[in-house]
Structure formats: C-alpha cells, structure tokens
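Q: Dropping in structure02.cif, with mmCIF, C-alpha atoms.
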```cif
data_work
#
loop_
_atom_site.label_atom_id
_atom_site.label_comp_id
_atom_site.auth_asym_id
_atom_site.auth_seq_id
_atom_site.Cartn_x
_atom_site.Cartn_y
_atom_site.Cartn_z
CA MET A 712 -0.70 88.16 98.45
CA ASN A 713 -3.72 89.40 96.54
CA PRO A 714 -4.83 86.71 94.05
CA SER A 715 -5.24 89.30 91.30
CA ILE A 716 -1.64 90.43 91.73
CA ILE A 717 -0.49 86.81 91.59
CA SER A 718 -2.43 86.36 88.33
CA ILE A 719 -0.86 89.45 86.82
CA LEU A 720 2.63 88.36 87.85
CA SER A 721 2.05 84.87 86.48
CA PHE A 722 0.84 86.25 83.16
CA SER A 723 3.81 88.62 82.98
CA LEU A 724 6.26 85.82 83.66
CA PHE A 725 4.58 83.64 81.01
CA PHE A 726 4.70 86.48 78.47
CA LEU A 727 8.37 87.17 79.17
CA SER A 728 9.24 83.50 78.94
CA GLN A 729 7.46 83.21 75.60
CA PHE A 730 9.12 86.39 74.33
CA SER A 731 12.52 85.09 75.44
CA LEU A 732 11.78 81.75 73.77
CA SER A 733 10.85 83.48 70.51
CA LEU A 734 14.10 85.43 70.56
CA SER A 735 16.16 82.33 71.20
CA ALA A 736 14.35 80.51 68.37
CA GLU A 737 15.13 83.14 65.71
CA ARG A 738 16.32 81.43 62.53
CA CYS A 739 18.19 84.37 61.03
CA ASN A 740 21.92 84.12 61.52
CA PRO A 741 23.11 87.24 63.42
CA ASN A 742 25.97 87.88 60.98
CA ASP A 743 23.58 87.74 58.01
CA LYS A 744 21.10 89.98 59.76
CA LYS A 745 23.78 92.54 60.55
CA ALA A 746 24.92 92.57 56.90
CA LEU A 747 21.36 92.93 55.61
CA LEU A 748 20.67 95.87 57.90
CA GLU A 749 23.89 97.55 56.68
CA ILE A 750 22.76 96.97 53.10
CA ASN A 751 19.37 98.46 53.89
CA LYS A 752 21.00 101.51 55.49
CA ALA A 753 23.26 102.12 52.48
CA LEU A 754 20.25 101.87 50.17
CA GLY A 755 18.62 104.63 52.24
CA ASN A 756 16.17 102.44 54.21
CA PRO A 757 13.74 102.39 51.26
CA TYR A 758 10.05 101.86 51.85
CA ASP A 759 10.20 98.80 49.60
CA LEU A 760 12.17 97.04 52.35
CA ILE A 761 9.87 98.09 55.19
CA THR A 762 9.62 94.47 56.34
CA TRP A 763 13.35 94.50 57.12
CA ASP A 764 12.72 95.20 60.80
CA PRO A 765 15.70 94.54 63.12
CA LYS A 766 13.23 93.28 65.75
CA THR A 767 11.98 90.47 63.56
CA ASP A 768 13.42 87.30 62.02
CA CYS A 769 14.87 87.87 58.55
CA CYS A 770 14.28 84.23 57.57
CA THR A 771 10.61 84.14 58.54
CA ASP A 772 9.25 87.68 58.80
CA TRP A 773 11.00 89.64 56.04
CA ALA A 774 9.46 89.61 52.58
CA GLU A 775 10.13 86.25 50.90
CA VAL A 776 10.55 87.93 47.52
CA THR A 777 13.62 89.78 48.74
CA LEU A 778 15.61 86.97 50.30
CA THR A 779 15.79 83.22 50.80
CA CYS A 780 17.21 81.31 53.75
CA ASP A 781 18.52 77.79 53.50
CA GLU A 782 16.34 75.35 55.45
CA LYS A 783 19.33 73.36 56.67
CA ASN A 784 21.56 76.01 58.24
CA ASN A 785 19.33 79.11 58.13
CA ARG A 786 21.85 81.17 56.18
CA VAL A 787 20.78 83.68 53.53
CA THR A 788 21.40 82.09 50.12
CA ALA A 789 19.55 84.48 47.79
CA LEU A 790 19.05 88.25 47.81
CA ASN A 791 16.65 89.85 45.33
CA LEU A 792 16.22 93.62 45.08
CA PHE A 793 13.71 94.68 42.40
CA LYS A 794 12.23 98.07 41.46
CA ILE A 795 13.36 99.90 44.58
CA ASP A 796 12.73 103.63 44.41
CA ASN A 797 15.30 106.19 45.52
CA ALA A 798 18.00 103.65 46.35
CA LYS A 799 21.45 105.07 47.08
CA HIS A 800 24.47 102.74 47.21
CA LEU A 801 25.28 99.07 47.49
CA SER A 802 27.03 98.48 50.80
CA PRO A 803 30.34 96.58 51.04
CA ALA A 804 28.48 94.52 53.65
CA ILE A 805 27.13 92.52 50.71
CA GLY A 806 30.35 90.49 50.99
CA ASP A 807 29.40 89.38 54.51
CA LEU A 808 26.53 87.26 53.16
CA THR A 809 29.04 84.48 52.67
CA TYR A 810 26.46 81.76 51.94
CA LEU A 811 24.92 83.73 49.09
CA LYS A 812 24.40 81.74 45.89
CA SER A 813 22.25 84.27 44.03
CA LEU A 814 22.52 88.07 44.01
CA ASP A 815 19.84 89.65 41.85
CA ILE A 816 19.53 93.46 41.66
CA ASN A 817 17.29 94.53 38.82
CA ASN A 818 15.58 97.78 37.85
CA VAL A 819 16.88 99.74 40.85
CA ARG A 820 17.25 102.86 38.76
CA ASN A 821 18.94 105.25 41.20
CA LEU A 822 21.45 102.78 42.61
CA SER A 823 24.87 104.37 42.04
CA GLY A 824 28.54 103.93 42.79
CA PRO A 825 30.86 101.06 41.83
CA ILE A 826 30.31 97.35 42.34
CA PRO A 827 31.79 96.63 45.81
CA SER A 828 35.02 94.64 45.76
CA THR A 829 33.80 92.66 48.77
CA ILE A 830 31.73 90.58 46.35
CA VAL A 831 34.88 88.43 45.97
CA LYS A 832 34.01 86.95 49.39
CA LEU A 833 30.88 85.37 47.90
CA THR A 834 32.67 82.16 46.92
CA LYS A 835 29.41 80.18 46.68
CA LEU A 836 27.84 82.60 44.18
CA THR A 837 26.51 81.07 40.95
CA PHE A 838 24.09 83.81 39.78
CA LEU A 839 24.95 87.53 39.59
CA ARG A 840 22.68 90.16 38.08
CA ILE A 841 23.09 93.90 38.61
CA SER A 842 21.05 95.37 35.76
CA GLN A 843 19.12 98.55 34.95
CA THR A 844 20.84 100.70 37.57
CA ASN A 845 23.18 103.71 37.66
CA ILE A 846 26.11 101.54 38.78
CA SER A 847 29.28 102.96 37.25
CA GLY A 848 33.02 102.37 37.06
CA PRO A 849 34.76 99.52 35.25
CA VAL A 850 33.66 95.92 34.90
CA PRO A 851 35.52 94.57 37.94
CA GLU A 852 38.56 92.38 37.42
CA PHE A 853 37.77 90.65 40.70
CA LEU A 854 34.74 88.92 39.20
CA SER A 855 37.24 86.34 37.88
CA LYS A 856 37.58 85.05 41.44
CA LEU A 857 33.94 83.87 41.52
CA LYS A 858 34.84 80.42 40.24
CA LYS A 859 31.38 78.90 40.71
CA VAL A 860 29.48 81.60 38.86
CA THR A 861 27.54 80.44 35.78
CA TYR A 862 25.50 83.61 35.08
CA ILE A 863 26.67 87.26 34.98
CA ASN A 864 24.37 90.07 33.83
CA LEU A 865 25.66 93.64 34.16
CA SER A 866 23.54 95.10 31.34
CA TYR A 867 21.85 98.52 31.21
CA ASN A 868 24.27 100.25 33.57
CA LYS A 869 26.91 102.98 33.19
CA LEU A 870 30.00 100.81 33.19
CA VAL A 871 33.06 102.12 31.35
CA GLY A 872 36.51 100.92 30.33
CA THR A 873 37.52 97.70 28.64
CA ILE A 874 36.23 94.16 29.03
CA PRO A 875 38.52 92.44 31.55
CA VAL A 876 40.62 89.66 30.06
CA SER A 877 40.36 87.97 33.46
CA LEU A 878 36.71 87.02 32.82
CA SER A 879 38.07 84.25 30.60
CA GLN A 880 39.25 82.56 33.81
CA LEU A 881 35.69 81.70 34.88
CA PRO A 882 35.49 77.93 34.27
CA ASN A 883 31.73 77.55 34.68
CA LEU A 884 30.43 80.68 32.93
CA GLU A 885 27.47 79.95 30.64
CA PHE A 886 25.80 83.37 30.32
CA LEU A 887 27.44 86.81 30.05
CA ARG A 888 25.65 90.13 29.49
CA LEU A 889 27.65 93.35 29.36
CA ASP A 890 25.41 95.08 26.82
CA ARG A 891 23.97 98.60 27.10
CA ASN A 892 26.95 100.15 28.84
CA LYS A 893 29.78 102.42 27.65
CA LEU A 894 32.51 99.84 27.22
CA THR A 895 35.43 100.50 24.89
CA GLY A 896 38.38 98.59 23.49
CA GLN A 897 38.44 95.15 21.91
CA ILE A 898 36.82 91.80 22.61
CA PRO A 899 39.47 89.77 24.47
CA THR A 900 40.90 86.98 22.31
CA SER A 901 41.18 84.90 25.48
CA PHE A 902 37.38 84.63 25.58
CA SER A 903 37.83 81.50 23.45
CA ARG A 904 38.74 79.74 26.70
CA LEU A 905 35.09 80.07 27.72
CA ALA A 906 34.00 77.76 24.89
CA PRO A 907 31.97 75.62 24.74
CA LYS A 908 30.19 76.38 28.04
CA LEU A 909 29.49 80.06 27.35
CA THR A 910 26.57 80.00 24.92
CA TYR A 911 24.94 83.38 25.64
CA LEU A 912 27.17 86.38 24.91
CA TYR A 913 25.71 89.90 24.87
CA LEU A 914 28.14 92.75 24.16
CA GLY A 915 25.82 94.98 22.12
CA HIS A 916 25.17 98.71 22.50
CA ASN A 917 28.67 99.64 23.63
CA GLN A 918 31.60 101.36 21.92
CA LEU A 919 33.76 98.33 21.17
CA THR A 920 36.32 98.52 18.35
CA GLY A 921 38.63 96.21 16.44
CA VAL A 922 37.86 92.78 15.03
CA VAL A 923 36.00 89.79 16.40
CA PRO A 924 38.63 87.24 17.49
CA THR A 925 39.06 84.46 14.94
CA SER A 926 39.28 82.11 17.92
CA PHE A 927 35.47 82.32 17.92
CA ALA A 928 35.48 80.26 14.68
CA GLY A 929 34.94 76.87 16.29
CA TRP A 930 32.32 78.11 18.72
CA SER A 931 28.53 77.90 18.60
CA PHE A 932 26.36 80.22 20.66
CA ASP A 933 22.72 80.10 21.46
CA THR A 934 22.76 83.91 21.20
CA ILE A 935 25.61 86.23 20.22
CA ASP A 936 24.88 89.96 20.34
CA LEU A 937 27.58 92.32 19.04
CA SER A 938 25.15 94.96 17.76
CA ARG A 939 25.67 98.72 17.79
CA ASN A 940 29.41 98.85 18.29
CA MET A 941 32.24 99.91 15.99
CA LEU A 942 33.54 96.44 15.20
CA GLU A 943 34.97 95.70 11.77
CA GLY A 944 36.42 93.05 9.51
CA ASP A 945 35.40 89.62 8.29
CA ILE A 946 33.08 87.61 10.57
CA SER A 947 32.17 84.91 8.06
CA PHE A 948 33.78 82.38 10.43
CA LEU A 949 30.81 82.84 12.79
CA PHE A 950 28.64 81.05 10.20
CA GLY A 951 28.64 77.45 9.02
CA LYS A 952 26.33 74.49 8.53
CA ASP A 953 27.70 72.76 11.63
CA LYS A 954 26.94 75.72 13.90
CA THR A 955 24.14 75.36 16.45
CA THR A 956 23.69 79.13 16.97
CA PHE A 957 20.07 80.29 17.23
CA GLU A 958 20.39 84.10 17.23
CA MET A 959 23.01 86.45 15.76
CA LEU A 960 22.60 90.20 16.36
CA LEU A 961 25.42 91.84 14.40
CA ASP A 962 23.82 95.05 13.17
CA HIS A 963 25.21 98.61 13.24
CA ASN A 964 28.91 97.81 12.92
CA LYS A 965 31.49 97.98 10.11
CA PHE A 966 31.64 94.31 9.19
CA GLU A 967 32.79 93.69 5.62
CA PHE A 968 32.83 90.28 3.89
CA ASP A 969 31.32 88.30 1.01
CA PHE A 970 28.01 86.74 2.01
CA SER A 971 27.51 84.77 -1.22
CA LYS A 972 28.88 81.35 -0.27
CA LEU A 973 28.03 81.16 3.42
CA THR A 974 26.25 78.16 4.89
CA PHE A 975 23.94 78.19 7.90
CA GLY A 976 23.21 75.86 10.79
CA GLU A 977 19.66 74.56 10.92
CA ARG A 978 19.01 76.15 14.32
CA LEU A 979 19.71 79.70 13.06
CA GLU A 980 16.36 81.52 13.12
CA ARG A 981 17.28 85.09 14.02
CA LEU A 982 19.83 87.07 11.98
CA ASP A 983 20.26 90.85 11.97
CA LEU A 984 23.05 92.30 9.80
CA ASN A 985 21.65 95.74 8.99
CA HIS A 986 23.95 98.79 8.78
CA ASN A 987 27.24 97.10 7.83
CA LYS A 988 29.40 96.86 4.67
CA ILE A 989 28.55 93.29 3.72
CA TYR A 990 28.55 92.53 -0.01
CA GLY A 991 27.80 89.73 -2.47
CA SER A 992 24.49 88.00 -3.15
CA LEU A 993 21.94 86.31 -0.93
CA PRO A 994 22.38 82.53 -1.39
CA LYS A 995 19.30 80.47 -2.25
CA ILE A 996 19.89 78.20 0.74
CA LEU A 997 18.45 81.01 2.88
CA THR A 998 15.01 79.76 1.82
CA LYS A 999 15.65 76.54 3.76
CA GLN A 1000 15.85 78.34 7.12
CA SER A 1001 12.89 78.95 9.46
CA TRP A 1002 13.37 82.67 9.98
CA GLN A 1003 11.89 84.58 12.93
CA LEU A 1004 14.08 87.61 12.23
CA PHE A 1005 16.00 88.45 9.05
CA ASN A 1006 17.41 91.89 8.23
CA VAL A 1007 20.17 92.72 5.73
CA SER A 1008 19.24 96.34 5.02
CA TYR A 1009 21.85 99.11 4.67
CA ASN A 1010 24.61 96.93 3.21
CA ARG A 1011 26.12 96.41 -0.26
CA PHE A 1012 24.24 93.34 -1.49
CA CYS A 1013 23.43 92.75 -5.16
CA GLY A 1014 21.30 90.34 -7.15
CA ARG A 1015 17.95 88.64 -6.75
CA ILE A 1016 16.36 88.05 -3.35
CA PRO A 1017 15.75 84.27 -3.13
CA GLN A 1018 12.06 83.50 -3.53
CA GLY A 1019 10.37 81.01 -1.24
CA GLY A 1020 10.59 79.79 2.30
CA ASP A 1021 10.33 82.64 4.80
CA MET A 1022 12.20 85.19 2.69
CA GLN A 1023 9.04 87.09 1.69
CA ARG A 1024 7.62 87.13 5.20
CA PHE A 1025 9.63 90.29 5.84
CA ASP A 1026 8.81 93.67 4.32
CA LEU A 1027 11.07 95.82 2.16
CA TYR A 1028 12.63 97.43 5.23
CA SER A 1029 14.56 94.20 5.85
CA TYR A 1030 16.21 94.50 2.41
CA PHE A 1031 16.32 98.12 1.29
CA HIS A 1032 19.33 100.45 1.01
CA ASN A 1033 21.55 97.91 -0.70
CA LYS A 1034 23.61 98.38 -3.86
CA CYS A 1035 21.39 96.46 -6.28
CA LEU A 1036 19.12 93.93 -4.58
CA CYS A 1037 15.85 93.24 -6.38
CA ASP A 1038 12.71 91.09 -6.47
CA ALA A 1039 9.99 90.69 -3.84
CA PRO A 1040 9.54 92.36 -1.46
CA LEU A 1041 11.68 94.93 -3.36
CA PRO A 1042 10.83 96.00 -6.95
CA PRO A 1043 11.23 93.34 -9.69
CA CYS A 1044 14.65 92.75 -11.19
CA LYS A 1045 15.17 94.44 -14.57
#
```
Take the structure from the file and write it as structure tokens.
A:
Amino acid sequence: MNPSIISILSFSLFFLSQFSLSLSAERCNPNDKKALLEINKALGNPYDLITWDPKTDCCTDWAEVTLTCDEKNNRVTALNLFKIDNAKHLSPAIGDLTYLKSLDINNVRNLSGPIPSTIVKLTKLTFLRISQTNISGPVPEFLSKLKKVTYINLSYNKLVGTIPVSLSQLPNLEFLRLDRNKLTGQIPTSFSRLAPKLTYLYLGHNQLTGVVPTSFAGWSFDTIDLSRNMLEGDISFLFGKDKTTFEMLLDHNKFEFDFSKLTFGERLERLDLNHNKIYGSLPKILTKQSWQLFNVSYNRFCGRIPQGGDMQRFDLYSYFHNKCLCDAPLPPCK
C-alpha cells in the first residue's frame, strides 16, 4: 500500500480515537445536560447562553458564570441566569437538576409564566432567587417542601394572591423576600414559627392588609420591611431595648400607636415610619442611637424634637407634616 495512504489512515484512526476518548471523558452528566438544553430551549435559546452547545461538555466548556458542577460527582449544583435578554419561560425541566443547591435567576426581565411546580424535586436546594422578572401567578405553596432552603427571594416580580401559610413550615429559612409584588391578604400568624432563624423579612411594596401578628413580639430581625402596604394597628411590640433589630422599614401604612414611651435596641440604626398615624412625642432616648436613617414625617407627633446625638443630622423632610413637632431642624418651639 502507498505509504502516504497509510499515513493518512493512521492519522485518521488517531484522530477518531482521540475524539472518541474525549466523548467518553465528558464530565457533564447526561441527565443534567438534557435538562439544561430543555431549559435553554424554553428560554428561547438566548444569545447570552451561546456557550450552551450540545456538542460540548457543560461542566468544562459552558460559561462558568452560568453553572457550577460538583468536582466529586460532576453533577450541576448551581445555575445562575443573569440579565438575559428576550427570555421566554422557565422550563419544568428545572426539576430534573436534582443535585441543584442554588438556583439564581436575576434581572431576566421578560421571563414570564408561573414558577414550575417541578422545583419541589430540588430537595438539596438551599438558595432560591427568582427576582426582577415577569414571573406571575401565586407564591407557590409547594415551596414549603424545600426543607433545606435557607434563602428565598421572589422580589420584583408580578406575583399575586396571599402569602402561603405553608412557608412557616420551612425549618431552616433565614431570609425571605416577597417585596415588590402584588400580594394581598394578611401576614400569616404562623410565621412566628420561623423565629428565631428568620432574621431578614421583606414584605414591602405589596397590598397587604390587616394587623401585624402580635406573635412577632418576641422576635428580633436584622431587617424587617413592611413598607408601602395597607397594614394597620399597634406595632409598638416590634420595639424594645432587648431587640437586636438593625433596620425597620414601616413607612406608608396605617399604623397607629403612642410612640412616647418606646425603648430601642442599641443595634437599631435605620427607622422609617413616615406616612402613618403614629402619635405622641419623640422620646429623648432617641439621641442615644447611632442613626443612619430616621424618618417620622407625615404622622401625628407633637412636642420638641430631642436635641443632640444624630437627631439633627436629618433635614426637615424627616420631621415635617406632623401635628405640632418643633425645634431644629423644624422651626423653634413657641
């Protein structure tokens, strides 16, 4: 046989053997790869996921910012979808990524439809964020089955309906954001079961009604955001010198109680109460706090603004539109 032909055949056999070896050495689990390709298809095969090529290895060749594979068993453990243009829907195939610990979908503006119920299959999930999308429908009851989850952020979406009571069945939940949706109804009283682990609670910018459960009385948050709802009643039980709360955003509601004799935990540095029906005077102990944010405007306060500490750091807009508050930064008392 012609030596040149033998050389060509030898090279071809070597190339095929190497190609076959590379295929057999692919890290990406075939079930994970199939699910990811279904997810990509449902999203509309966006250009942002151009590296998701079915001919390549998802664990080594696809963009590292979008997914993470476990080094031990080569299963996909994290999926991150950020700022994808013209995305369509989230595929039910998301539930087939059964080793997923983190699902992070953020600022995917056109993503629509409900949250797939197949997410209940993600029993290893600890981190869930679907934020700044057009996702709609109710906050799913089935989220209560994600027993390992510590972080849920469903903010800035188009979710409707009430807050599921079943969320109080999440034993490890530390962080919950449902703000900036269109939620209605009351705050579940059963949420007290989430204490003391849940220390970040964001329910602001919804259409919630009723009163804040008194079961919150023995509970300290790092941040509690109830702003811009239609909540009412006495929330003085959220305050107290033994509280370790850092930030309280309670503005634009219908809260009504006497502020005069409240005490404050030393960690409280951010307090917004504007646009409520709160009355009484501002106690002098407010001067002992290190305030980053303080706003009591548009209420029914009377008397002298305590002088000293950080109280004069804020301009008149933090105090004005009250019944009869006076002294700096407002006009002098008569």
Q: Which residues come within 10 Å of A:Lys859, counting only C-alpha atoms, excluding same-chain residues fewer than 5 positions away, as a list in words?
A: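 Once the nearby chain positions are removed, what remains is Lys812, Leu833, Thr834, Lys835, Leu836, Thr837, Phe838, Leu881, Pro882, Asn883 and Leu884 of chain A.
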Q: Selected residues, C-alpha atoms, written as an mmCIF file, keeping the file's coordinate frame, please.
A:
```cif
data_model
loop_
_atom_site.group_PDB
_atom_site.id
_atom_site.type_symbol
_atom_site.label_atom_id
_atom_site.label_comp_id
_atom_site.auth_asym_id
_atom_site.auth_seq_id
_atom_site.Cartn_x
_atom_site.Cartn_y
_atom_site.Cartn_z
ATOM 1 C CA LYS A 812 24.400 81.740 45.890
ATOM 2 C CA LEU A 833 30.880 85.370 47.900
ATOM 3 C CA THR A 834 32.670 82.160 46.920
ATOM 4 C CA LYS A 835 29.410 80.180 46.680
ATOM 5 C CA LEU A 836 27.840 82.600 44.180
ATOM 6 C CA THR A 837 26.510 81.070 40.950
ATOM 7 C CA PHE A 838 24.090 83.810 39.780
ATOM 8 C CA LEU A 881 35.690 81.700 34.880
ATOM 9 C CA PRO A 882 35.490 77.930 34.270
ATOM 10 C CA ASN A 883 31.730 77.550 34.680
ATOM 11 C CA LEU A 884 30.430 80.680 32.930
#
```
Q: Put a box with edges along x, y and z around all the listed atoms of stretch 893-911 of chain A, pad it by 5 Å on each side, then give me its centre and sizes in Å, one decimal, as JSON.
A:
```
{"center_x": 33.1, "center_y": 89.0, "center_z": 25.0, "size_x": 26.2, "size_y": 36.8, "size_z": 16.1}
```
Q: Decode the PyMOL selection byres ((chain A and resi 1013) around 6) for the given file into explicit residues and return them as a list in words.
A: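 Evaluating the PyMOL selection byres ((chain A and resi 1013) around 6) on these coordinates yields Gly991, Ser992, Phe1012, Gly1014, Lys1034, Cys1035 and Leu1036 of chain A.
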Q: One number please: atom CA of A:Asn1033 to atom CA of A:Thr974, in Å, one decimal.
A: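 It comes out at 21.1 Å.
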Q: From the list A:Ser903, A:Ser971, A:Asn740, A:Thr767, which residue is nearest A:Asn785 when using all atoms listed in the file?
A: A:Asn740
Q: Sort by chain and increasing residue number a table of all residues of stretch 741-793 of chain A within 9 Å of stretch 816-825 of chain A, each with its closest pair of atoms and their distance in Å to one decimal, counting all atoms listed in the file, and write it as JSON lines.
A:
```
{"residue": "A:Leu754", "atom": "CA", "partner": "A:Leu822", "partner_atom": "CA", "distance": 7.7}
{"residue": "A:Leu790", "atom": "CA", "partner": "A:Ile816", "partner_atom": "CA", "distance": 8.1}
{"residue": "A:Asn791", "atom": "CA", "partner": "A:Ile816", "partner_atom": "CA", "distance": 5.9}
{"residue": "A:Leu792", "atom": "CA", "partner": "A:Ile816", "partner_atom": "CA", "distance": 4.8}
{"residue": "A:Phe793", "atom": "CA", "partner": "A:Asn817", "partner_atom": "CA", "distance": 5.1}
```
Q: May I ask for the distance between atom CA of A:Val922 and atom CA of A:Leu857, given in Å to one decimal place?
A: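 These two atoms are separated by 28.2 Å.
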Q: Taking only N, CA and C atoms, show stretch 738-767 of chain A of the given structure as a PDB file, in the first residue's frame.
A:
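Saved file decode_18.pdb follows:
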```
ATOM      1  N   ARG A 738     -17.427  15.195  31.389  1.00  0.00           N
ATOM      2  CA  ARG A 738     -17.807  15.246  32.799  1.00  0.00           C
ATOM      3  C   ARG A 738     -19.311  15.395  32.979  1.00  0.00           C
ATOM      4  N   CYS A 739     -19.937  16.157  32.122  1.00  0.00           N
ATOM      5  CA  CYS A 739     -21.339  16.528  32.300  1.00  0.00           C
ATOM      6  C   CYS A 739     -22.250  15.302  32.322  1.00  0.00           C
ATOM      7  N   ASN A 740     -23.011  15.170  33.379  1.00  0.00           N
ATOM      8  CA  ASN A 740     -23.959  14.072  33.474  1.00  0.00           C
ATOM      9  C   ASN A 740     -25.012  14.209  32.373  1.00  0.00           C
ATOM     10  N   PRO A 741     -25.313  13.133  31.644  1.00  0.00           N
ATOM     11  CA  PRO A 741     -26.256  13.235  30.510  1.00  0.00           C
ATOM     12  C   PRO A 741     -27.651  13.707  30.920  1.00  0.00           C
ATOM     13  N   ASN A 742     -28.105  13.342  32.112  1.00  0.00           N
ATOM     14  CA  ASN A 742     -29.421  13.794  32.561  1.00  0.00           C
ATOM     15  C   ASN A 742     -29.424  15.301  32.819  1.00  0.00           C
ATOM     16  N   ASP A 743     -28.335  15.800  33.419  1.00  0.00           N
ATOM     17  CA  ASP A 743     -28.214  17.235  33.657  1.00  0.00           C
ATOM     18  C   ASP A 743     -28.142  17.992  32.341  1.00  0.00           C
ATOM     19  N   LYS A 744     -27.363  17.457  31.424  1.00  0.00           N
ATOM     20  CA  LYS A 744     -27.196  18.124  30.129  1.00  0.00           C
ATOM     21  C   LYS A 744     -28.529  18.197  29.373  1.00  0.00           C
ATOM     22  N   LYS A 745     -29.283  17.118  29.427  1.00  0.00           N
ATOM     23  CA  LYS A 745     -30.591  17.103  28.766  1.00  0.00           C
ATOM     24  C   LYS A 745     -31.507  18.165  29.374  1.00  0.00           C
ATOM     25  N   ALA A 746     -31.510  18.253  30.709  1.00  0.00           N
ATOM     26  CA  ALA A 746     -32.356  19.243  31.388  1.00  0.00           C
ATOM     27  C   ALA A 746     -31.928  20.665  31.029  1.00  0.00           C
ATOM     28  N   LEU A 747     -30.638  20.910  31.006  1.00  0.00           N
ATOM     29  CA  LEU A 747     -30.135  22.251  30.689  1.00  0.00           C
ATOM     30  C   LEU A 747     -30.502  22.669  29.272  1.00  0.00           C
ATOM     31  N   LEU A 748     -30.430  21.734  28.344  1.00  0.00           N
ATOM     32  CA  LEU A 748     -30.789  22.045  26.959  1.00  0.00           C
ATOM     33  C   LEU A 748     -32.287  22.318  26.833  1.00  0.00           C
ATOM     34  N   GLU A 749     -33.112  21.626  27.623  1.00  0.00           N
ATOM     35  CA  GLU A 749     -34.548  21.904  27.644  1.00  0.00           C
ATOM     36  C   GLU A 749     -34.818  23.296  28.223  1.00  0.00           C
ATOM     37  N   ILE A 750     -34.068  23.646  29.265  1.00  0.00           N
ATOM     38  CA  ILE A 750     -34.201  24.971  29.863  1.00  0.00           C
ATOM     39  C   ILE A 750     -33.825  26.043  28.856  1.00  0.00           C
ATOM     40  N   ASN A 751     -32.732  25.805  28.161  1.00  0.00           N
ATOM     41  CA  ASN A 751     -32.275  26.764  27.141  1.00  0.00           C
ATOM     42  C   ASN A 751     -33.321  26.933  26.036  1.00  0.00           C
ATOM     43  N   LYS A 752     -33.918  25.843  25.623  1.00  0.00           N
ATOM     44  CA  LYS A 752     -34.946  25.885  24.573  1.00  0.00           C
ATOM     45  C   LYS A 752     -36.155  26.697  25.025  1.00  0.00           C
ATOM     46  N   ALA A 753     -36.609  26.460  26.266  1.00  0.00           N
ATOM     47  CA  ALA A 753     -37.771  27.181  26.780  1.00  0.00           C
ATOM     48  C   ALA A 753     -37.489  28.672  26.935  1.00  0.00           C
ATOM     49  N   LEU A 754     -36.238  29.008  27.230  1.00  0.00           N
ATOM     50  CA  LEU A 754     -35.854  30.418  27.330  1.00  0.00           C
ATOM     51  C   LEU A 754     -35.802  31.083  25.961  1.00  0.00           C
ATOM     52  N   GLY A 755     -35.789  30.276  24.890  1.00  0.00           N
ATOM     53  CA  GLY A 755     -35.730  30.810  23.541  1.00  0.00           C
ATOM     54  C   GLY A 755     -34.333  30.779  22.959  1.00  0.00           C
ATOM     55  N   ASN A 756     -33.468  29.879  23.478  1.00  0.00           N
ATOM     56  CA  ASN A 756     -32.077  29.789  23.025  1.00  0.00           C
ATOM     57  C   ASN A 756     -31.415  31.167  22.954  1.00  0.00           C
ATOM     58  N   PRO A 757     -31.405  31.904  24.058  1.00  0.00           N
ATOM     59  CA  PRO A 757     -30.885  33.276  24.028  1.00  0.00           C
ATOM     60  C   PRO A 757     -29.388  33.326  23.716  1.00  0.00           C
ATOM     61  N   TYR A 758     -28.986  34.419  23.121  1.00  0.00           N
ATOM     62  CA  TYR A 758     -27.580  34.592  22.756  1.00  0.00           C
ATOM     63  C   TYR A 758     -26.683  34.562  23.988  1.00  0.00           C
ATOM     64  N   ASP A 759     -27.220  34.987  25.114  1.00  0.00           N
ATOM     65  CA  ASP A 759     -26.436  35.009  26.351  1.00  0.00           C
ATOM     66  C   ASP A 759     -25.972  33.617  26.766  1.00  0.00           C
ATOM     67  N   LEU A 760     -26.638  32.585  26.266  1.00  0.00           N
ATOM     68  CA  LEU A 760     -26.257  31.206  26.591  1.00  0.00           C
ATOM     69  C   LEU A 760     -25.679  30.501  25.369  1.00  0.00           C
ATOM     70  N   ILE A 761     -24.948  31.257  24.540  1.00  0.00           N
ATOM     71  CA  ILE A 761     -24.412  30.706  23.301  1.00  0.00           C
ATOM     72  C   ILE A 761     -23.407  29.585  23.560  1.00  0.00           C
ATOM     73  N   THR A 762     -22.781  29.616  24.741  1.00  0.00           N
ATOM     74  CA  THR A 762     -21.811  28.563  25.068  1.00  0.00           C
ATOM     75  C   THR A 762     -22.487  27.234  25.379  1.00  0.00           C
ATOM     76  N   TRP A 763     -23.810  27.242  25.555  1.00  0.00           N
ATOM     77  CA  TRP A 763     -24.524  26.000  25.861  1.00  0.00           C
ATOM     78  C   TRP A 763     -24.701  25.186  24.571  1.00  0.00           C
ATOM     79  N   ASP A 764     -23.617  24.619  24.125  1.00  0.00           N
ATOM     80  CA  ASP A 764     -23.568  23.848  22.881  1.00  0.00           C
ATOM     81  C   ASP A 764     -23.711  22.371  23.221  1.00  0.00           C
ATOM     82  N   PRO A 765     -24.707  21.679  22.642  1.00  0.00           N
ATOM     83  CA  PRO A 765     -24.908  20.263  22.958  1.00  0.00           C
ATOM     84  C   PRO A 765     -23.713  19.383  22.606  1.00  0.00           C
ATOM     85  N   LYS A 766     -22.803  19.891  21.776  1.00  0.00           N
ATOM     86  CA  LYS A 766     -21.639  19.114  21.369  1.00  0.00           C
ATOM     87  C   LYS A 766     -20.472  19.248  22.346  1.00  0.00           C
ATOM     88  N   THR A 767     -20.628  20.105  23.329  1.00  0.00           N
ATOM     89  CA  THR A 767     -19.534  20.323  24.268  1.00  0.00           C
ATOM     90  C   THR A 767     -19.935  19.918  25.682  1.00  0.00           C
TER      91      THR A 767
END
```
